[in-house]
Protein chains: 2
Amino acid sequence: MSGTNRNNPALKGGPAVVLVDPQLGQNIGMVARAMLNCGLTDLRLVRPRDGWPSREAAAAASGADEVLDRVQLFETTADAVADLQRLYATSARPRGMVKTVVSPREAASAMAGLAAASVGVLFGPERSGLVNDDLALADAVIAVPLNPAFASLNLAQAVLLVGYEWFQAAHPVPESRLEVNDAALATRADLINFFERLERALDETGFLFPPEKRPGMVRNLRNLFGRIAMTEPEVNTLHGIVSALRQGKRHAGEGDPD
Amino acid sequence: MSGTNRNNPALKGGPAVVLVDPQLGQNIGMVARAMLNCGLTDLRLVRPRDGWPSREAAAAASGADEVLDRVQLFETTADAVADLQRLYATSARPRGMVKTVVSPREAASAMAGLAAASVGVLFGPERSGLVNDDLALADAVIAVPLNPAFASLNLAQAVLLVGYEWFQAAHPVPESRLEVNDAALATRADLINFFERLERALDETGFLFPPEKRPGMVRNLRNLFGRIAMTEPEVNTLHGIVSALRQGKRHAGEGDPD
């Protein structure tokens with residue numbers, strides 16, 4: 001599952017991820033994995049505590065070498081963001097500054113609309129978060145709306161949520177789809193044919209009784225089976241079930257004193 | 001940051017998280033943490049490989065004891081979901097079954113609309129994912145739209161994304177807000193007063209020249225500073241800057257042969 005595809009044109013233009021004073025190499029590796037999950041490859045490190053490259057990062061990246069191979073190192077946050085035209089900072093807490101605060105979803109929407117510009121997101125060190133001087137470099141702060149009683153995310157999870165929202169904004173997908181596994185969906189004629197077959201069978205057994213209730217019962221049954229959105233093979237299966245049950249009835253009837 | 005708040009009424013009604021055949025206790029702990037981040041507390045385990053309770057889970061949960069303390073254990077997936085009225089399964093891959101596939105966002109929206117019903121989400125074991133018999137128990141499959149070349153998420157990250165979407169759907173927040181740190185926003189009168197002060201100072205220096213261009217230059221400056229959405233203290237700071245710069249000009253002029 002950890003393939004690389006450097007030529008995927010759908011994955012261009014995502015924000016740079018800038019980790020300021022990251023501590024554990026393992027966390028940097030997990031960030032790289034989360035980034036590549038979301039199609040992001042521009043990872044920048046400001047003063048990684050345990051040095052770079054990092055064996056722990058490579059182990060934790062689970063194959064996201066494409067990100068680790070391109071890592072850029074910087075001495076200061078200002079150097080790391082110098083080429084960026086729009087910059088967000090992430091912070092869980094208000095910091096006593098006048099600052100625009102946005103959700104990851106709004107930031108992602110704005111970033112996706114800035115496809116021609118270079119954008120980036122700052123993430124602070126694991127324990128303490130970004131210092132105010134770094135927050136002051138950013139245009140706006142991203143705060144993730146979460147359980148206020150338990151809002152602390154680890155670094156890779158914070159990167160994942162921002163990257164996930166960017167991917168959703170940049171690559172809209174149709175919301176719901178029926179996975180049909182190469183089968184054709186049944187036509188209305190297929191469905192009506194089955195409905196009528198079922199109703200004939202039920203008429204024979206006396207199920208659709210009394211006659212004055214039959215129309216309503218038929219409508220309810222059609223609504224019930226119609227909700228399934230069946231494929232052709234599934235309609236055939238239901239035909240088979242009706243046949244099998246009818247035969248069962250006949251067999252049962254043969255030995256049944258009723 | 002790992003406080004508990006058992007009485008938060010905003011966090012009721014979230015889906016149960018059902019882990020089928022989870023392997024590592026550490027992953028179960030990280031799932032518990034991600035759940036509580038998203039206000040979810042109903043964790044159900046089907047046949048955890050390394051037994052339960054788990055010291056590794058407790059260590060990885062980073063204080064999400066509220067979730068671990070309530071874990072329920074089950075022998076079968078069917079037992080674990082018996083009381084649920086709506087069930088989703090998570091899967092990264094098509095499985096050769098006819099199944100409705102939804103995004104986490106659509107599933108979350110549907111779940112938030114089912115507040116009165118009990119809902120749940122199935123997650124498979126770390127390496128292999130859910131077996132088809134478990135998928136067949138679910139109403140629909142949640143597939144997370146991610147980089148198709150690198151889509152594999154770890155268990156806690158998959159739970160985090162589903163939980164995050166649920167939290168967003170259940171607790172809508174205003175998208176953008178200015179964090180003003182208890183300061184009052186400036187009124188229009190404050191702004192106009194500053195604009196006129198600045199323009200007088202610039203007139204004195206000859207900056208707003210020639211006269212026929214002055215109206216356009218003034219409009220541009222007002223648009224520039226108006227974009228800031230300032231607080232009262234910030235307007236006062238700008239007044240101070242204008243004063244300081246004017247004094248500097250005067251001082252520079254005293255020693256300047258021009």
# chains A, B, ... in the order shown; residues from 1 in each chain; ligands from 1
>>> interface_residues(of="chain A", to="chain B", cutoff="7 Å", atoms="only C-alpha atoms", output="PyMOL selection string")
chain A and resi 1-5+36-39+96-103+106+146-147+149-152+157+167+175-181
>>> write_last_selection(atoms="C-alpha atoms", output="compact mmCIF listing (two decimals), in the first residue's frame")
# COMPACT_ATOMS: atom_id res chain seq x y z
CA MET A 1 0.00 0.00 0.00
CA SER A 2 3.02 2.29 0.16
CA GLY A 3 3.57 2.88 -3.53
CA THR A 4 4.93 6.11 -4.88
CA ASN A 5 3.61 7.93 -7.89
CA LEU A 36 1.85 11.56 1.59
CA ASN A 37 -1.56 10.10 2.51
CA CYS A 38 -2.87 13.55 1.61
CA GLY A 39 -0.70 14.05 -1.46
CA GLY A 96 -3.08 36.85 23.62
CA MET A 97 -2.67 38.19 20.12
CA VAL A 98 -5.05 39.76 17.65
CA LYS A 99 -5.27 37.08 15.02
CA THR A 100 -7.75 35.62 12.57
CA VAL A 101 -8.67 32.06 13.58
CA VAL A 102 -10.02 29.64 10.98
CA SER A 103 -11.02 26.00 10.93
CA GLU A 106 -11.91 27.04 5.80
CA LEU A 146 -12.40 19.13 18.76
CA ASN A 147 -13.62 17.99 22.16
CA ALA A 149 -12.12 18.72 27.29
CA PHE A 150 -9.52 16.66 25.40
CA ALA A 151 -8.25 18.63 22.42
CA SER A 152 -4.55 17.76 22.39
CA GLN A 157 -2.56 13.78 13.69
CA PHE A 167 -7.14 16.94 -0.09
CA GLU A 175 -20.38 11.96 -2.00
CA SER A 176 -22.17 8.63 -2.27
CA ARG A 177 -21.83 5.90 -4.83
CA LEU A 178 -22.98 2.31 -5.17
CA GLU A 179 -20.03 -0.01 -5.64
CA VAL A 180 -21.49 -2.61 -8.03
CA ASN A 181 -18.43 -4.71 -8.83
>>> select_by_dssp(residues="region 13-218 of chain A", states="alpha helix (DSSP H)", output="VMD selection string")
chain A and resid 25 to 37 55 to 60 65 to 68 77 to 80 104 to 113 132 to 135 155 to 170 188 to 205 214 to 218
>>> atom_distance(atom1="CA of Gly124 (chain A)", atom2="CA of Thr77 (chain A)")
10.4 Å
>>> select_by_dssp(residues="region 17-124 of chain B", states="strand (DSSP E)", output="PyMOL selection string")
chain B and resi 17-20+43-46+72-74+86-90+99-102+119-123
>>> residues_around(residues="Arg47 (chain B)", least_positions_apart="6", cutoff="7 Å", atoms="only C-alpha atoms", output="PyMOL selection string")
chain B and resi 20-21+74-75
>>> write_last_selection(atoms="N, CA and C atoms", output="PDB file, in the first residue's frame")
ATOM      1  N   VAL B  20     -12.472  -4.722  15.170  1.00  0.00           N
ATOM      2  CA  VAL B  20     -12.547  -6.172  14.983  1.00  0.00           C
ATOM      3  C   VAL B  20     -11.133  -6.740  14.867  1.00  0.00           C
ATOM      4  N   ASP B  21     -10.803  -7.707  15.725  1.00  0.00           N
ATOM      5  CA  ASP B  21      -9.489  -8.342  15.720  1.00  0.00           C
ATOM      6  C   ASP B  21      -8.323  -7.350  15.780  1.00  0.00           C
ATOM      7  N   PHE B  74     -16.221  -8.349  23.054  1.00  0.00           N
ATOM      8  CA  PHE B  74     -17.168  -9.251  22.399  1.00  0.00           C
ATOM      9  C   PHE B  74     -16.435 -10.386  21.698  1.00  0.00           C
ATOM     10  N   GLU B  75     -17.142 -11.512  21.571  1.00  0.00           N
ATOM     11  CA  GLU B  75     -16.584 -12.667  20.887  1.00  0.00           C
ATOM     12  C   GLU B  75     -16.788 -12.604  19.382  1.00  0.00           C
TER      13      GLU B  75
END
>>> closest_residue(among="A:Gln85, A:Thr76, A:Gln26, A:Ser91", to="Val46 (chain A)", atoms="only C-alpha atoms")
A:Thr76
>>> atom_distance(atom1="CA of Leu24 (chain A)", atom2="CA of Leu87 (chain A)")
24.2 Å
>>> residues_around(residues="Met217 (chain B)", least_positions_apart="5", cutoff="9 Å", atoms="only C-alpha atoms", output="compact mmCIF listing (two decimals) with N, CA, C and O atoms, in the first residue's frame")
# COMPACT_ATOMS: atom_id res chain seq x y z
N LEU B 208 1.18 62.99 -0.76
CA LEU B 208 -0.06 62.86 -1.54
C LEU B 208 -0.06 63.89 -2.67
O LEU B 208 -0.87 64.81 -2.72
N PHE B 209 0.84 63.72 -3.60
CA PHE B 209 1.08 64.69 -4.66
C PHE B 209 1.21 63.95 -5.97
O PHE B 209 1.75 62.83 -5.99
N ARG B 222 -6.83 53.90 2.35
CA ARG B 222 -7.93 53.50 3.24
C ARG B 222 -8.30 52.03 3.02
O ARG B 222 -8.59 51.31 3.97
>>> residues_around(residues="Phe195 (chain B)", least_positions_apart="4", cutoff="10 Å", atoms="only C-alpha atoms", output="PDB file with C-alpha atoms, in the first residue's frame")
ATOM      1  CA  ALA B 189     -15.201  56.636  13.718  1.00  0.00           C
ATOM      2  CA  ASP B 190     -11.886  55.377  15.156  1.00  0.00           C
ATOM      3  CA  LEU B 191     -10.778  54.304  11.694  1.00  0.00           C
ATOM      4  CA  GLU B 199      -3.639  61.810   5.395  1.00  0.00           C
ATOM      5  CA  ARG B 200      -2.932  65.172   7.081  1.00  0.00           C
ATOM      6  CA  ALA B 201       0.547  63.940   7.976  1.00  0.00           C
ATOM      7  CA  VAL B 218      -6.323  58.221  -0.312  1.00  0.00           C
ATOM      8  CA  ARG B 219      -8.806  55.546  -1.347  1.00  0.00           C
ATOM      9  CA  LEU B 221      -4.530  53.776   1.554  1.00  0.00           C
ATOM     10  CA  ARG B 222      -7.926  53.500   3.240  1.00  0.00           C
ATOM     11  CA  PHE B 225      -5.444  49.830   6.270  1.00  0.00           C
ATOM     12  CA  GLY B 226      -9.144  49.011   6.246  1.00  0.00           C
ATOM     13  CA  VAL B 235      -5.518  51.988  15.997  1.00  0.00           C
ATOM     14  CA  HIS B 239      -1.452  56.861  15.705  1.00  0.00           C
TER      15      HIS B 239
END
